Each structure stands twice: as structure tokens, then as C-alpha cells.
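The next block is model03.pdb, given as PDB, C-alpha atoms.
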```
ATOM      1  CA  MET A   1       2.610  20.153 -35.379
ATOM      2  CA  LYS A   2      -0.891  19.040 -36.342
ATOM      3  CA  LEU A   3      -1.257  17.233 -33.018
ATOM      4  CA  LYS A   4      -0.153  20.338 -31.153
ATOM      5  CA  SER A   5      -2.672  22.462 -33.052
ATOM      6  CA  LEU A   6      -5.437  19.961 -32.355
ATOM      7  CA  PHE A   7      -4.579  19.945 -28.648
ATOM      8  CA  LEU A   8      -4.647  23.753 -28.544
ATOM      9  CA  LEU A   9      -8.012  23.804 -30.317
ATOM     10  CA  LEU A  10      -9.479  21.354 -27.824
ATOM     11  CA  LEU A  11      -8.075  23.312 -24.910
ATOM     12  CA  LEU A  12      -9.550  26.571 -26.164
ATOM     13  CA  SER A  13     -12.890  24.867 -26.782
ATOM     14  CA  ASN A  14     -12.977  23.601 -23.190
ATOM     15  CA  ILE A  15     -12.115  27.036 -21.845
ATOM     16  CA  ALA A  16     -14.826  28.651 -23.954
ATOM     17  CA  PHE A  17     -17.344  26.078 -22.730
ATOM     18  CA  ALA A  18     -16.422  26.732 -19.098
ATOM     19  CA  GLN A  19     -16.741  30.474 -19.635
ATOM     20  CA  LEU A  20     -20.107  30.021 -21.306
ATOM     21  CA  LYS A  21     -21.397  28.076 -18.310
ATOM     22  CA  THR A  22     -20.103  30.478 -15.685
ATOM     23  CA  GLU A  23     -21.680  33.394 -17.489
ATOM     24  CA  ASN A  24     -25.072  31.873 -16.697
ATOM     25  CA  TYR A  25     -24.756  31.700 -12.913
ATOM     26  CA  LYS A  26     -23.336  33.540  -9.924
ATOM     27  CA  ILE A  27     -22.543  31.900  -6.589
ATOM     28  CA  TYR A  28     -22.661  33.878  -3.360
ATOM     29  CA  ASN A  29     -21.119  32.672  -0.108
ATOM     30  CA  THR A  30     -23.405  34.071   2.587
ATOM     31  CA  GLN A  31     -20.840  33.580   5.359
ATOM     32  CA  SER A  32     -17.992  35.442   3.683
ATOM     33  CA  LYS A  33     -20.501  37.778   1.994
ATOM     34  CA  SER A  34     -18.734  37.435  -1.325
ATOM     35  CA  ILE A  35     -19.132  35.903  -4.765
ATOM     36  CA  CYS A  36     -17.207  32.664  -5.054
ATOM     37  CA  SER A  37     -16.300  30.025  -7.617
ATOM     38  CA  LEU A  38     -17.824  26.561  -7.926
ATOM     39  CA  GLU A  39     -14.528  25.099  -6.700
ATOM     40  CA  ASP A  40     -14.544  27.302  -3.587
ATOM     41  CA  MET A  41     -18.124  26.269  -2.825
ATOM     42  CA  ILE A  42     -17.184  22.596  -3.113
ATOM     43  CA  LYS A  43     -14.350  23.048  -0.585
ATOM     44  CA  SER A  44     -16.971  24.084   1.947
ATOM     45  CA  LEU A  45     -19.674  21.575   0.969
ATOM     46  CA  VAL A  46     -17.375  18.572   1.270
ATOM     47  CA  LEU A  47     -17.217  19.148   5.038
ATOM     48  CA  ALA A  48     -20.965  18.532   5.437
ATOM     49  CA  ASP A  49     -22.649  15.187   6.092
ATOM     50  CA  VAL A  50     -25.630  16.206   3.978
ATOM     51  CA  VAL A  51     -25.732  18.872   1.263
ATOM     52  CA  PHE A  52     -29.126  20.151   0.138
ATOM     53  CA  PHE A  53     -29.376  21.603  -3.355
ATOM     54  CA  GLY A  54     -32.637  23.565  -3.472
ATOM     55  CA  GLU A  55     -33.609  23.953  -7.115
ATOM     56  CA  GLU A  56     -36.234  25.374  -9.401
ATOM     57  CA  HIS A  57     -37.478  22.273 -11.181
ATOM     58  CA  ASN A  58     -37.324  23.796 -14.681
ATOM     59  CA  ASP A  59     -34.028  25.699 -14.454
ATOM     60  CA  PRO A  60     -31.516  24.310 -16.992
ATOM     61  CA  THR A  61     -28.510  25.966 -15.359
ATOM     62  CA  GLY A  62     -29.501  24.673 -11.945
ATOM     63  CA  HIS A  63     -29.691  21.123 -13.301
ATOM     64  CA  GLN A  64     -26.248  21.423 -14.889
ATOM     65  CA  LEU A  65     -24.812  22.711 -11.628
ATOM     66  CA  GLU A  66     -26.353  19.808  -9.707
ATOM     67  CA  SER A  67     -24.508  17.369 -11.951
ATOM     68  CA  ASP A  68     -21.281  19.324 -11.594
ATOM     69  CA  VAL A  69     -21.549  19.433  -7.797
ATOM     70  CA  LEU A  70     -22.334  15.711  -7.590
ATOM     71  CA  GLN A  71     -19.299  14.834  -9.678
ATOM     72  CA  LYS A  72     -16.960  17.112  -7.752
ATOM     73  CA  LEU A  73     -18.188  15.814  -4.385
ATOM     74  CA  HIS A  74     -17.745  12.254  -5.615
ATOM     75  CA  GLN A  75     -14.178  13.020  -6.696
ATOM     76  CA  LEU A  76     -13.450  14.049  -3.107
ATOM     77  CA  ASN A  77     -15.617  11.566  -1.183
ATOM     78  CA  GLY A  78     -15.308   8.525  -3.431
ATOM     79  CA  LYS A  79     -17.744   5.637  -2.854
ATOM     80  CA  LYS A  80     -18.909   7.318   0.357
ATOM     81  CA  GLN A  81     -20.820   9.803  -1.808
ATOM     82  CA  THR A  82     -24.558   9.152  -2.156
ATOM     83  CA  LEU A  83     -27.194  10.901  -4.242
ATOM     84  CA  SER A  84     -30.673  11.484  -2.781
ATOM     85  CA  MET A  85     -33.645  12.815  -4.756
ATOM     86  CA  GLU A  86     -37.069  14.272  -4.114
ATOM     87  CA  MET A  87     -37.970  13.205  -7.656
ATOM     88  CA  PHE A  88     -38.375   9.524  -6.755
ATOM     89  CA  GLU A  89     -40.692   7.973  -4.180
ATOM     90  CA  LYS A  90     -39.533   5.613  -1.473
ATOM     91  CA  ASP A  91     -41.548   2.596  -2.598
ATOM     92  CA  ILE A  92     -39.616   2.402  -5.905
ATOM     93  CA  GLN A  93     -36.225   1.991  -4.234
ATOM     94  CA  GLN A  94     -35.926  -1.566  -5.501
ATOM     95  CA  VAL A  95     -36.575  -0.404  -9.069
ATOM     96  CA  MET A  96     -33.917   2.280  -8.630
ATOM     97  CA  ASN A  97     -31.414  -0.262  -7.334
ATOM     98  CA  GLU A  98     -32.120  -2.671 -10.186
ATOM     99  CA  TYR A  99     -31.481   0.039 -12.754
ATOM    100  CA  LEU A 100     -28.280   1.163 -11.056
ATOM    101  CA  GLN A 101     -27.110  -2.467 -11.126
ATOM    102  CA  ASN A 102     -27.844  -2.684 -14.879
ATOM    103  CA  LEU A 103     -30.503  -5.360 -14.335
ATOM    104  CA  ILE A 104     -33.396  -3.569 -16.037
ATOM    105  CA  ARG A 105     -33.737  -1.370 -19.108
ATOM    106  CA  GLU A 106     -34.122   2.381 -18.964
ATOM    107  CA  LYS A 107     -37.652   2.350 -20.383
ATOM    108  CA  ASN A 108     -38.751  -0.031 -17.617
ATOM    109  CA  PHE A 109     -37.004   2.093 -15.015
ATOM    110  CA  ILE A 110     -38.669   5.309 -16.190
ATOM    111  CA  LYS A 111     -42.119   3.699 -16.205
ATOM    112  CA  GLU A 112     -41.925   1.675 -13.013
ATOM    113  CA  ALA A 113     -40.040   4.317 -11.043
ATOM    114  CA  ARG A 114     -42.769   6.807 -11.984
ATOM    115  CA  ALA A 115     -40.117   9.258 -13.160
ATOM    116  CA  TRP A 116     -41.126  12.896 -13.478
ATOM    117  CA  ASN A 117     -42.045  14.174 -16.931
ATOM    118  CA  ASN A 118     -38.812  16.169 -17.008
ATOM    119  CA  TYR A 119     -36.693  13.119 -16.186
ATOM    120  CA  ASN A 120     -34.124  14.204 -18.788
ATOM    121  CA  ASP A 121     -33.186  17.054 -16.428
ATOM    122  CA  TYR A 122     -32.093  14.484 -13.826
ATOM    123  CA  LYS A 123     -30.896  11.717 -16.108
ATOM    124  CA  PRO A 124     -27.237  12.877 -16.141
ATOM    125  CA  MET A 125     -27.038  12.422 -12.359
ATOM    126  CA  ILE A 126     -28.679   8.995 -12.446
ATOM    127  CA  GLU A 127     -26.378   7.858 -15.245
ATOM    128  CA  TYR A 128     -23.333   9.190 -13.428
ATOM    129  CA  ALA A 129     -24.371   7.310 -10.285
ATOM    130  CA  ARG A 130     -24.893   4.161 -12.332
ATOM    131  CA  GLU A 131     -21.504   4.464 -14.025
ATOM    132  CA  LYS A 132     -19.660   5.169 -10.765
ATOM    133  CA  GLU A 133     -21.680   2.661  -8.707
ATOM    134  CA  LEU A 134     -23.042   5.273  -6.290
ATOM    135  CA  ALA A 135     -26.162   4.686  -4.217
ATOM    136  CA  VAL A 136     -29.258   6.771  -4.999
ATOM    137  CA  ILE A 137     -31.941   7.307  -2.359
ATOM    138  CA  ALA A 138     -35.524   7.509  -3.616
ATOM    139  CA  ALA A 139     -36.419   9.880  -0.796
ATOM    140  CA  ASN A 140     -40.001  11.076  -1.173
ATOM    141  CA  PRO A 141     -42.986   9.446   0.525
ATOM    142  CA  PRO A 142     -45.360   7.922  -2.053
ATOM    143  CA  ASN A 143     -47.541  10.549  -3.690
ATOM    144  CA  ARG A 144     -50.725   8.584  -2.946
ATOM    145  CA  TYR A 145     -50.199   9.241   0.765
ATOM    146  CA  VAL A 146     -49.258  12.878   0.256
ATOM    147  CA  ASN A 147     -52.470  13.249  -1.737
ATOM    148  CA  LEU A 148     -54.411  11.482   1.015
ATOM    149  CA  VAL A 149     -53.197  14.021   3.561
ATOM    150  CA  THR A 150     -53.932  16.903   1.181
ATOM    151  CA  ARG A 151     -57.531  15.723   1.033
ATOM    152  CA  LYS A 152     -58.148  14.502   4.578
ATOM    153  CA  GLY A 153     -55.306  15.649   6.828
ATOM    154  CA  LEU A 154     -52.560  13.800   8.678
ATOM    155  CA  SER A 155     -55.010  11.752  10.749
ATOM    156  CA  ALA A 156     -55.980   9.925   7.551
ATOM    157  CA  LEU A 157     -52.642   8.082   7.720
ATOM    158  CA  ASN A 158     -53.501   6.369  11.010
ATOM    159  CA  PRO A 159     -55.706   3.573   9.578
ATOM    160  CA  LEU A 160     -53.019   2.463   7.099
ATOM    161  CA  ASP A 161     -51.637  -0.988   7.819
ATOM    162  CA  ARG A 162     -48.032  -1.764   8.673
ATOM    163  CA  SER A 163     -47.037  -2.594   5.097
ATOM    164  CA  ALA A 164     -48.144   0.896   3.997
ATOM    165  CA  LYS A 165     -46.605   2.737   6.923
ATOM    166  CA  LYS A 166     -43.141   1.360   6.143
ATOM    167  CA  TRP A 167     -42.989   3.930   3.328
ATOM    168  CA  LEU A 168     -43.746   6.786   5.731
ATOM    169  CA  PRO A 169     -41.780   8.604   8.422
ATOM    170  CA  PRO A 170     -42.717   7.784  12.030
ATOM    171  CA  LEU A 171     -46.196   8.931  13.005
ATOM    172  CA  PRO A 172     -47.448  11.285  14.305
ATOM    173  CA  ILE A 173     -45.778  13.923  12.136
ATOM    174  CA  ASP A 174     -44.998  17.254  13.727
ATOM    175  CA  THR A 175     -46.496  20.208  11.860
ATOM    176  CA  ALA A 176     -43.969  23.040  11.772
ATOM    177  CA  THR A 177     -45.064  26.471  12.957
ATOM    178  CA  GLY A 178     -43.392  29.855  12.756
ATOM    179  CA  ALA A 179     -41.289  30.969   9.789
ATOM    180  CA  TYR A 180     -41.945  27.884   7.660
ATOM    181  CA  TYR A 181     -45.707  28.275   7.960
ATOM    182  CA  LYS A 182     -45.442  31.988   7.136
ATOM    183  CA  ASN A 183     -43.390  31.167   4.029
ATOM    184  CA  PHE A 184     -45.957  28.594   3.015
ATOM    185  CA  LEU A 185     -48.760  31.134   3.311
ATOM    186  CA  LYS A 186     -46.834  33.499   1.026
ATOM    187  CA  THR A 187     -46.672  30.828  -1.662
ATOM    188  CA  MET A 188     -50.419  30.369  -1.280
ATOM    189  CA  GLY A 189     -51.044  34.058  -1.860
ATOM    190  CA  GLY A 190     -50.930  35.156   1.763
ATOM    191  CA  HIS A 191     -54.183  33.487   2.764
ATOM    192  CA  THR A 192     -54.882  30.933   5.463
ATOM    193  CA  VAL A 193     -55.232  27.366   4.274
ATOM    194  CA  PRO A 194     -58.726  25.918   4.957
ATOM    195  CA  GLY A 195     -58.406  22.904   7.244
ATOM    196  CA  MET A 196     -54.587  23.021   7.036
ATOM    197  CA  GLU A 197     -54.564  19.801   4.989
ATOM    198  CA  ILE A 198     -52.336  21.200   2.248
ATOM    199  CA  TYR A 199     -49.797  22.427   4.765
ATOM    200  CA  GLN A 200     -49.916  19.110   6.591
ATOM    201  CA  SER A 201     -49.101  17.295   3.350
ATOM    202  CA  GLN A 202     -46.121  19.636   2.936
ATOM    203  CA  ASN A 203     -44.894  18.528   6.362
ATOM    204  CA  LEU A 204     -45.337  14.863   5.396
ATOM    205  CA  TRP A 205     -43.237  15.554   2.304
ATOM    206  CA  ASP A 206     -40.479  17.142   4.391
ATOM    207  CA  SER A 207     -40.541  14.490   7.100
ATOM    208  CA  GLY A 208     -40.540  11.699   4.535
ATOM    209  CA  MET A 209     -37.455  12.971   2.723
ATOM    210  CA  ALA A 210     -35.662  13.691   6.001
ATOM    211  CA  HIS A 211     -36.422  10.237   7.375
ATOM    212  CA  SER A 212     -35.233   8.535   4.177
ATOM    213  CA  ILE A 213     -31.865  10.292   4.526
ATOM    214  CA  PHE A 214     -31.747   9.538   8.255
ATOM    215  CA  GLN A 215     -32.418   5.834   7.671
ATOM    216  CA  TYR A 216     -29.734   5.625   5.008
ATOM    217  CA  LEU A 217     -27.074   7.310   7.133
ATOM    218  CA  LYS A 218     -27.982   5.138  10.110
ATOM    219  CA  LYS A 219     -27.208   2.049   8.010
ATOM    220  CA  ASN A 220     -24.245   3.585   6.185
ATOM    221  CA  LYS A 221     -22.265   5.453   8.805
ATOM    222  CA  GLY A 222     -19.720   7.896   7.444
ATOM    223  CA  ASP A 223     -21.381   8.244   4.056
ATOM    224  CA  LYS A 224     -22.135  11.657   2.568
ATOM    225  CA  VAL A 225     -25.474  12.585   1.005
ATOM    226  CA  PHE A 226     -26.178  15.084  -1.774
ATOM    227  CA  HIS A 227     -29.935  15.703  -1.747
ATOM    228  CA  ILE A 228     -31.799  17.338  -4.644
ATOM    229  CA  LEU A 229     -35.143  18.988  -3.854
ATOM    230  CA  GLY A 230     -37.326  21.985  -4.599
ATOM    231  CA  ARG A 231     -35.796  24.951  -2.836
ATOM    232  CA  PHE A 232     -38.882  25.739  -0.731
ATOM    233  CA  HIS A 233     -38.151  22.517   1.185
ATOM    234  CA  SER A 234     -34.719  23.714   2.323
ATOM    235  CA  ASP A 235     -34.574  27.513   2.033
ATOM    236  CA  GLU A 236     -33.641  29.215   5.319
ATOM    237  CA  LYS A 237     -32.683  25.708   6.554
ATOM    238  CA  LEU A 238     -36.333  25.020   7.279
ATOM    239  CA  GLY A 239     -38.577  22.222   6.019
ATOM    240  CA  THR A 240     -36.654  19.041   5.256
ATOM    241  CA  MET A 241     -33.437  20.316   6.837
ATOM    242  CA  ALA A 242     -35.154  21.124  10.131
ATOM    243  CA  LYS A 243     -36.894  17.729  10.127
ATOM    244  CA  LEU A 244     -33.604  15.897   9.543
ATOM    245  CA  LEU A 245     -31.982  17.625  12.519
ATOM    246  CA  LYS A 246     -34.867  16.411  14.671
ATOM    247  CA  TYR A 247     -33.970  12.859  13.692
ATOM    248  CA  ASN A 248     -30.237  13.436  14.230
ATOM    249  CA  ALA A 249     -29.124  16.752  15.717
ATOM    250  CA  GLY A 250     -25.470  15.777  15.322
ATOM    251  CA  LEU A 251     -25.420  15.932  11.540
ATOM    252  CA  LYS A 252     -23.547  18.733   9.792
ATOM    253  CA  LEU A 253     -25.810  20.160   7.093
ATOM    254  CA  SER A 254     -25.217  22.691   4.334
ATOM    255  CA  ASN A 255     -27.665  24.128   1.820
ATOM    256  CA  ILE A 256     -27.720  25.811  -1.550
ATOM    257  CA  SER A 257     -30.622  27.897  -2.821
ATOM    258  CA  SER A 258     -30.550  28.091  -6.616
ATOM    259  CA  PHE A 259     -32.976  30.084  -8.766
ATOM    260  CA  SER A 260     -33.201  32.481 -11.667
ATOM    261  CA  ASP A 261     -33.865  36.137 -10.952
ATOM    262  CA  LYS A 262     -34.388  39.258 -13.029
ATOM    263  CA  SER A 263     -31.666  40.987 -11.012
ATOM    264  CA  PHE A 264     -29.105  38.532 -12.411
ATOM    265  CA  ASN A 265     -26.812  41.215 -13.885
ATOM    266  CA  GLU A 266     -26.624  43.242 -10.655
ATOM    267  CA  PRO A 267     -28.126  41.250  -7.779
ATOM    268  CA  ASP A 268     -28.639  42.733  -4.328
ATOM    269  CA  TRP A 269     -27.304  39.771  -2.382
ATOM    270  CA  SER A 270     -28.577  41.155   0.914
ATOM    271  CA  LYS A 271     -32.100  40.239  -0.229
ATOM    272  CA  PHE A 272     -31.165  36.583  -0.647
ATOM    273  CA  SER A 273     -28.468  35.911   1.967
ATOM    274  CA  HIS A 274     -30.953  34.476   4.490
ATOM    275  CA  LEU A 275     -31.812  31.582   2.169
ATOM    276  CA  GLY A 276     -28.786  29.343   2.657
ATOM    277  CA  ASP A 277     -25.067  28.844   3.006
ATOM    278  CA  PHE A 278     -24.741  29.485  -0.714
ATOM    279  CA  VAL A 279     -27.120  31.318  -3.026
ATOM    280  CA  ILE A 280     -26.914  30.728  -6.761
ATOM    281  CA  ILE A 281     -28.669  33.086  -9.147
ATOM    282  CA  THR A 282     -29.012  31.850 -12.717
ATOM    283  CA  ASN A 283     -29.649  33.646 -15.986
ATOM    284  CA  PRO A 284     -33.427  34.199 -16.326
ATOM    285  CA  ASP A 285     -33.157  34.660 -20.095
ATOM    286  CA  LEU A 286     -32.357  31.006 -20.752
ATOM    287  CA  LYS A 287     -35.166  28.798 -21.981
ATOM    288  CA  ARG A 288     -36.779  26.769 -19.208
ATOM    289  CA  THR A 289     -36.888  22.987 -19.512
ATOM    290  CA  PHE A 290     -40.683  22.985 -19.255
TER     291      PHE A 290
END
```
Show this structure as C-alpha cells.
Amino acid sequence: MKLKSLFLLLLLSNIAFAQLKTENYKIYNTQSKSICSLEDMIKSLVLADVVFFGEEHNDPTGHQLESDVLQKLHQLNGKKQTLSMEMFEKDIQQVMNEYLQNLIREKNFIKEARAWNNYNDYKPMIEYAREKELAVIAANPPNRYVNLVTRKGLSALNPLDRSAKKWLPPLPIDTATGAYYKNFLKTMGGHTVPGMEIYQSQNLWDSGMAHSIFQYLKKNKGDKVFHILGRFHSDEKLGTMAKLLKYNAGLKLSNISSFSDKSFNEPDWSKFSHLGDFVIITNPDLKRTF
């Protein structure tokens, strides 16, 4: 009788926890034009070669959902599932691999992988990958080269020697025009960018992440990639998504745009449906992680 009561208590606790989580987010399927469950979203995402989860970097609910999606995709895809992250730069891939193989300590990993200050937001995914022996792609080009372009433009990459260029996507890098540039100007306050260097560095960022994923899939045919990045890089299937399709037009891609919004209680989904295959709005009243 005591065991039965304990089981019931645990069951109710799990249900309450699930309800608490779902109260903090709403998922909208932009194709069916309807709110859907996490499980229904996963059924669609598992069909893609690469899933992009566009996040707000300090959204606690978004980070929890990323972990949930990774785990559910892994349950369906098994060892073919790979995690890819904007939060780590390509030249630390060896450090990443050593940590995943339990060769180095966490404190060394965090320092030598130049982990973001809010690493704890991403730690659950790294630890899950380590436990389940999943590959993790350190996808971003090194920040020193992004900064170089921000200061001097894309042409500043040309004098780099071969050992430096191995961390970069193929040069020259195409600078996207049209909708992506217009979106970028909005984030900059609607003004033109002097010299275009900042926008060029944005394109290096996108191309670098896209090329890292492309290289991995070229070597690991049939694998599936779950890529975490700031949502500007993948909203409207622009940025990194568009760059990846230039490297391999045959890939099936899907994207999620996740963010908090003051309209959380009664969102007008028509305002957000252009952003991705799935739009997730999270509770804006929750404390941000930084």
C-alpha cells in the first residue's frame, strides 16, 4: 500500500512538473496554422536532415526546450543524432571532443573551449551528448576573425595563411542582399552600416556555421544535425540556413524561432508565422538567465 501511494505521488509530481513547463511556452505550427504539442513538433522535425533552433540567448524556457528537443530527436535517431552549436568556435573542436570522451576535466573544457559566460544554459545539452556519446559540432568561425572583418571588412581575411583559413568557410564569402540585409538594418536601428563591415562579419558568421555543418554531413552521411543558434541567424530561413543550402541544396531543413513576447497570453500568430516552420513564444515574466 505504501509503495502504491509512493508511486502515485511520484506520478502526480511528474504530471505537475510537465504542466508547469507547458504553461511557460506555446508552440505554433505555421504550416497547419495551429498550436501544437512538443511531441507533434518532434514528429515533423525528425524528418529533417538539419533542424535549426533559433533562440534568445538568455531565455530559460528556450534553453529547457532545446534540451528536450535534443533528447527526443536522439530517442528517434539514435547515434545518428548530432548536436551543433553557435556557442563554440571551430578551432576548439579537439577540446570539445576530448571532453566528450571524458579525457579532460570540465574546468579545463570551459576555459580552453572559451565557453560563453552563460555556459550553464547549455551545459545540460553538452552533458547529455557526453553521456549518450553523441558528436557535438563547434560550429562558429573563431571570434578573432569575425572581429577582424568587423573592423576591416571581408578582404582582411585574404592575407591569412592556410593554417588560419582552415577554420573559415571557403573564400570569398557571398554577402547576402535583400530581406536578410533589411532585417539586419532593423536590428541596427534602421540606419545604413558605414563601410558594411559589421554586416560582412554577420555573413562570415552565417557562412562559417553553415560550412561546419556541411563538412560534418559530408563526412557522416545520413546523420542528423540539431543546430542551436541565435534566432536572427535562421529566422525566415535566411542567414545560416540560406548559406547551408548553397553548400548543399539537397538537404531538408527545418527551423524553430523561439522567443519571449508580451503577447504571450493571447498571441497574434499571424505576426510571427513568417519566421519559421515552428514558432515558440515563451513566458516573458520568467527571470532571464542574464
Polymer residues at most 10 Å from Ser44 in chain A, all atoms listed in the file, same-chain spacing of 6 or more positions, as a VMD selection string: chain A and resid 29 254 277 to 278
Specify as number ranges by chain each residue included when the PyMOL selection byres ((chain A and resi 150) around 12) is applied to this file. A: 143-149, 151-157, 193-205
Matched chain/residue IDs from the PyMOL selection byres ((chain A and resi 237) around 9), as an NGL selection string: :A and (233-236 or 238-242 or 253-255 or 275-277)
Residues from the last selection, C-alpha atoms, saved as an mmCIF file, in the frame of the given file:
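Just written: part_13.cif:
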```cif
data_model
loop_
_atom_site.group_PDB
_atom_site.id
_atom_site.type_symbol
_atom_site.label_atom_id
_atom_site.label_comp_id
_atom_site.auth_asym_id
_atom_site.auth_seq_id
_atom_site.Cartn_x
_atom_site.Cartn_y
_atom_site.Cartn_z
ATOM 1 C CA HIS A 233 -38.151 22.517 1.185
ATOM 2 C CA SER A 234 -34.719 23.714 2.323
ATOM 3 C CA ASP A 235 -34.574 27.513 2.033
ATOM 4 C CA GLU A 236 -33.641 29.215 5.319
ATOM 5 C CA LEU A 238 -36.333 25.020 7.279
ATOM 6 C CA GLY A 239 -38.577 22.222 6.019
ATOM 7 C CA THR A 240 -36.654 19.041 5.256
ATOM 8 C CA MET A 241 -33.437 20.316 6.837
ATOM 9 C CA ALA A 242 -35.154 21.124 10.131
ATOM 10 C CA LEU A 253 -25.810 20.160 7.093
ATOM 11 C CA SER A 254 -25.217 22.691 4.334
ATOM 12 C CA ASN A 255 -27.665 24.128 1.820
ATOM 13 C CA LEU A 275 -31.812 31.582 2.169
ATOM 14 C CA GLY A 276 -28.786 29.343 2.657
ATOM 15 C CA ASP A 277 -25.067 28.844 3.006
#
```
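Taking CA of Tyr122 in chain A and CA of Met87 in chain A as endpoints, the distance between them is 8.6 Å.
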Which residues are near Trp167 in chain A? Cut-off 8 Å, only C-alpha atoms, ignore same chain within fewer than 3 positions. Put them as a count of residues only. 6
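The shell of residues at most 9 Å from range 99-110 of chain A, with only C-alpha atoms counted and near chain neighbours (fewer than 6 positions) removed, consists of Trp116, Tyr119, Ile126, Glu127, Ala129, Arg130, Glu131, Glu133, Leu134, Ala135 and Val136 of chain A.
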Could you write out as a VMD selection string the residues that the PyMOL selection byres ((chain A and resi 248) around 12) matches in the shown file? chain A and resid 49 to 50 210 to 211 213 to 215 217 to 218 241 to 247 249 to 253
For Ile137 in chain A, which residue out of A:Phe226, A:Tyr28, A:Phe53, A:Phe184 is the nearest one, using only C-alpha atoms? A:Phe226
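Going from CA of Ser37 in chain A to CA of His74 in chain A covers 17.9 Å.
The two atoms in question, CA of Leu76 in chain A and CA of Met209 in chain A, are spaced 24.7 Å apart.
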For Val279 in chain A, please output as a short mmCIF file (atom, residue, chain, number, x, y, z; two decimals) with C-alpha atoms, keeping the file's coordinate frame all residues within 6 Å (counting only C-alpha atoms; exclusion window: fewer than 5 positions along the same chain).
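Generated file (out_32.cif):
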```cif
data_model
loop_
_atom_site.label_atom_id
_atom_site.label_comp_id
_atom_site.auth_asym_id
_atom_site.auth_seq_id
_atom_site.Cartn_x
_atom_site.Cartn_y
_atom_site.Cartn_z
CA ILE A 27 -22.54 31.90 -6.59
CA TYR A 28 -22.66 33.88 -3.36
CA ILE A 256 -27.72 25.81 -1.55
CA SER A 257 -30.62 27.90 -2.82
CA SER A 258 -30.55 28.09 -6.62
#
```
If you count all atoms listed in the file, the residue of A:Asn265, A:Asn77, A:Asn58, A:Ser260 closest to Ile280 in chain A turns out to be A:Ser260
